[in-house]
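Here is the structure we will look at.
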Amino acid sequence: MTTSSTETLSLRAAIIPVTPFQQNCTLIWDEDSKAGAVIDPGGDLENVRRAIDELGVKVEKILLTHGHIDHAGGAAELKEALEVDVEGPHPADKFLLDNLAKQGEAYSIPARPVTPDRWLDEGDTVSIGEHTFEILHCPGHSPGSVVMVNRPHRLIVMGDVLFRGSIGRTDFPYGDHEALITAITSKLLPLGDDFTFICGHGPASTIGEERRSNPFLRG
């Protein structure tokens, strides 16, 4: 298992790469209380649970940024194992969550459908310990993709909306490149250059770095 950690004041995050897609499953928690959440448990749950135990995190919920197999494939099983609720994504991704088993067959990733206990929409908030994250609905990569923003710590959990040097794929039948660019430019860039974000794949970045150098956002 390979994990990497990020610390911002009392809010901490560990990245556990899962599935053949090396998706960044994120374990995020409050260091004082150890209360936390698992974001996007796509699979390889033995590694996810090992990280939870090693770091002593008390998982209170599972959060999903969108409904693709590498992000949501292990959610149903982990929900049962930890006896916690699933929150997110936006209900526009219900068709993806309902078809997780079929998605999994295509990539040899075991999965079961999952129904969130709470759907998320623009303007909602989710709590992780004492920390509050604002929800931004950012469709394009998938219709129901959401981004989670914590302003006090200048931290974003991005899912597959924006990456270091790239953006989420939109070549799916339901993808929408224009909607994705609009969401990034109208909702994410205005947050401020000093926001750090954890994305669904690859290394973290900042809004400022992507504003300056991301080829999909220039011009």
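Ordering of the structure tokens sets the chain letters (A, B, ...), residue numbers begin anew at 1 in every chain, and ligands are numbered from 1 in the order given.
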Compile a residue-level contact table for range 63-92 of chain A against range 147-154 of chain A at a cut-off of 10 Å, reporting for every qualifying residue the shortest atom pair and its distance in Å to one decimal, with only C-alpha atoms counted, rows ordered by chain and ascending number, as a Markdown table.
| residue | atom | partner | partner_atom | distance |
| --- | --- | --- | --- | --- |
| A:Leu63 | CA | A:Met148 | CA | 9.7 |
| A:Leu64 | CA | A:Val147 | CA | 9.6 |
| A:Thr65 | CA | A:Val147 | CA | 6.5 |
| A:His66 | CA | A:Val147 | CA | 9.2 |
| A:Pro89 | CA | A:Val147 | CA | 9.1 |
Selection export as a CSV table (one decimal), in the first residue's frame, atoms kept: all heavy atoms:
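See selection-v8.csv below for the written result:
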chain,number,residue,atom,x,y,z
A,63,LEU,N,-18.0,9.7,1.4
A,63,LEU,CA,-18.4,10.7,0.5
A,63,LEU,C,-18.0,10.3,-0.9
A,63,LEU,O,-16.9,9.8,-1.2
A,63,LEU,CB,-17.7,12.0,0.8
A,63,LEU,CG,-18.0,12.6,2.2
A,63,LEU,CD1,-17.1,13.8,2.6
A,63,LEU,CD2,-19.5,13.0,2.3
A,64,LEU,N,-18.9,10.6,-1.9
A,64,LEU,CA,-18.6,10.3,-3.3
A,64,LEU,C,-18.7,11.5,-4.1
A,64,LEU,O,-19.6,12.3,-4.1
A,64,LEU,CB,-19.7,9.3,-3.8
A,64,LEU,CG,-19.7,7.9,-3.2
A,64,LEU,CD1,-20.8,7.1,-3.8
A,64,LEU,CD2,-18.4,7.2,-3.2
A,65,THR,N,-17.6,11.7,-4.9
A,65,THR,CA,-17.6,12.9,-5.8
A,65,THR,C,-18.4,12.6,-7.1
A,65,THR,O,-18.9,13.6,-7.7
A,65,THR,CB,-16.2,13.3,-6.2
A,65,THR,OG1,-15.5,12.3,-6.9
A,65,THR,CG2,-15.4,13.6,-5.0
A,66,HIS,N,-18.4,11.4,-7.6
A,66,HIS,CA,-19.2,11.0,-8.7
A,66,HIS,C,-19.3,9.5,-8.8
A,66,HIS,O,-18.8,8.8,-8.0
A,66,HIS,CB,-18.7,11.7,-10.0
A,66,HIS,CG,-17.3,11.2,-10.4
A,66,HIS,ND1,-16.1,11.5,-9.7
A,66,HIS,CD2,-16.9,10.4,-11.5
A,66,HIS,CE1,-15.1,11.0,-10.3
A,66,HIS,NE2,-15.5,10.3,-11.4
A,89,PRO,N,-22.9,11.4,-4.8
A,89,PRO,CA,-22.8,12.7,-5.4
A,89,PRO,C,-24.1,13.4,-5.7
A,89,PRO,O,-25.1,13.1,-5.0
A,89,PRO,CB,-22.1,12.4,-6.8
A,89,PRO,CG,-22.6,11.0,-7.1
A,89,PRO,CD,-22.8,10.3,-5.8
Sorted by chain and rising residue number, list the residues of range 142-166 of chain A at most 9 Å from range 176-189 of chain A (counting only C-alpha atoms), each with its closest atom pair and distance in Å to one decimal, as CSV.
residue,atom,partner,partner_atom,distance
A:Ser142,CA,A:Asp176,CA,7.9
A:Pro143,CA,A:Asp176,CA,8.2
A:Val147,CA,A:Leu188,CA,9.0
A:Val161,CA,A:Leu180,CA,7.2
A:Leu162,CA,A:Ile184,CA,7.5
Open item on the list: Based on the backbone DSSP call, show me all residues of range 47-87 of chain A assigned alpha helix (DSSP H), as an MDAnalysis selection string.
Closed with: chainID A and resid 47:55 69:72 75:82
Restrict the selected residues to N, CA, C and O atoms and save them as a short mmCIF file (atom, residue, chain, number, x, y, z; two decimals), in the first residue's frame.
data_model
loop_
_atom_site.label_atom_id
_atom_site.label_comp_id
_atom_site.auth_asym_id
_atom_site.auth_seq_id
_atom_site.Cartn_x
_atom_site.Cartn_y
_atom_site.Cartn_z
N ASN A 47 -6.75 -2.22 1.55
CA ASN A 47 -5.77 -1.15 1.73
C ASN A 47 -6.39 0.07 2.40
O ASN A 47 -5.76 0.72 3.24
N VAL A 48 -7.62 0.35 2.04
CA VAL A 48 -8.32 1.49 2.65
C VAL A 48 -8.52 1.24 4.14
O VAL A 48 -8.23 2.10 4.99
N ARG A 49 -8.97 0.05 4.49
CA ARG A 49 -9.22 -0.26 5.90
C ARG A 49 -7.92 -0.34 6.69
O ARG A 49 -7.88 0.04 7.87
N ARG A 50 -6.85 -0.77 6.06
CA ARG A 50 -5.55 -0.79 6.74
C ARG A 50 -5.11 0.63 7.08
O ARG A 50 -4.62 0.90 8.18
N ALA A 51 -5.30 1.55 6.14
CA ALA A 51 -4.94 2.94 6.39
C ALA A 51 -5.79 3.53 7.52
O ALA A 51 -5.28 4.27 8.38
N ILE A 52 -7.08 3.23 7.52
CA ILE A 52 -7.95 3.71 8.59
C ILE A 52 -7.44 3.25 9.95
O ILE A 52 -7.34 4.03 10.90
N ASP A 53 -7.09 1.96 10.04
CA ASP A 53 -6.62 1.40 11.31
C ASP A 53 -5.27 1.98 11.71
O ASP A 53 -5.05 2.34 12.89
N GLU A 54 -4.35 2.10 10.75
CA GLU A 54 -3.02 2.59 11.07
C GLU A 54 -3.03 4.04 11.53
O GLU A 54 -2.26 4.44 12.41
N LEU A 55 -3.94 4.83 10.96
CA LEU A 55 -4.00 6.25 11.30
C LEU A 55 -4.96 6.54 12.45
O LEU A 55 -5.01 7.66 12.94
N ILE A 69 -16.81 3.86 -11.65
CA ILE A 69 -16.42 2.64 -10.95
C ILE A 69 -15.19 2.82 -10.07
O ILE A 69 -15.13 2.32 -8.94
N ASP A 70 -14.18 3.55 -10.55
CA ASP A 70 -12.94 3.69 -9.78
C ASP A 70 -13.10 4.61 -8.58
O ASP A 70 -12.22 4.67 -7.72
N HIS A 71 -14.21 5.32 -8.50
CA HIS A 71 -14.48 6.19 -7.36
C HIS A 71 -15.54 5.62 -6.42
O HIS A 71 -15.49 5.88 -5.22
N ALA A 72 -16.47 4.86 -6.95
CA ALA A 72 -17.61 4.41 -6.14
C ALA A 72 -17.75 2.90 -6.03
O ALA A 72 -18.64 2.42 -5.32
N ALA A 75 -18.04 1.40 -2.49
CA ALA A 75 -18.82 2.15 -1.51
C ALA A 75 -19.84 1.29 -0.79
O ALA A 75 -19.99 1.39 0.44
N ALA A 76 -20.55 0.42 -1.51
CA ALA A 76 -21.58 -0.40 -0.87
C ALA A 76 -20.96 -1.34 0.16
O ALA A 76 -21.47 -1.48 1.28
N GLU A 77 -19.86 -1.99 -0.21
CA GLU A 77 -19.21 -2.92 0.71
C GLU A 77 -18.64 -2.20 1.93
O GLU A 77 -18.76 -2.67 3.07
N LEU A 78 -18.00 -1.05 1.71
CA LEU A 78 -17.41 -0.32 2.82
C LEU A 78 -18.49 0.25 3.73
O LEU A 78 -18.32 0.29 4.95
N LYS A 79 -19.59 0.68 3.16
CA LYS A 79 -20.72 1.17 3.96
C LYS A 79 -21.19 0.09 4.94
O LYS A 79 -21.41 0.36 6.13
N GLU A 80 -21.34 -1.13 4.44
CA GLU A 80 -21.78 -2.23 5.29
C GLU A 80 -20.74 -2.56 6.36
O GLU A 80 -21.08 -2.80 7.52
N ALA A 81 -19.47 -2.55 5.97
CA ALA A 81 -18.41 -2.93 6.91
C ALA A 81 -18.27 -1.91 8.04
O ALA A 81 -18.05 -2.29 9.20
N LEU A 82 -18.38 -0.62 7.71
CA LEU A 82 -18.16 0.43 8.70
C LEU A 82 -19.45 0.91 9.35
O LEU A 82 -19.41 1.64 10.34
#
Open item on the list: For the structure I just gave you, how does DSSP split range 3-219 of chain A - specifically, which residues are strand (DSSP E)? Reply as a PyMOL selection string.
Closed with: chain A and resi 4-8+11-18+23-30+35-39+58-63+85-87+125-128+131-137+146-150+155-159+162-163+166-167+196-199+205-206
TODO: Considering only C-alpha atoms, return as a count of residues only whatever protein or nucleic-acid residues lie within 12 Å of Met158 in chain A, sequence-local ones (same chain, fewer than 3 positions apart) excluded.
DONE: 47
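Comparing A:Asp194, A:Val157, A:Phe95, A:Leu100 by their smallest distance to Tyr174 in chain A, the closest is A:Phe95 (using only C-alpha atoms).
Proximity ranking of A:His131, A:Ala37, A:Asp44, A:Glu83 relative to Pro110 in chain A places A:Asp44 first, based on only C-alpha atoms.
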Task: Which residue of A:Glu209, A:Asp171, A:Asp93, A:Asp30 approaches Pro113 in chain A most closely, using only C-alpha atoms - done: A:Asp93
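Proximity of A:Leu191, A:Val18, A:Ala13, A:Leu45 to Glu31 in chain A, computed with only C-alpha atoms, is greatest for A:Ala13.
Among A:Val38, A:Leu11, A:Leu217, A:Ile28, the residue with the shortest atom-to-atom distance to Asp85 in chain A, counting only C-alpha atoms, is A:Val38.
Distance-wise, CA of Asp160 in chain A and CA of Gln23 in chain A end up 9.6 Å apart.
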TODO: Work out how far CA of Thr19 in chain A is from CA of His68 in chain A, in Å to one decimal.
DONE: 11.8 Å
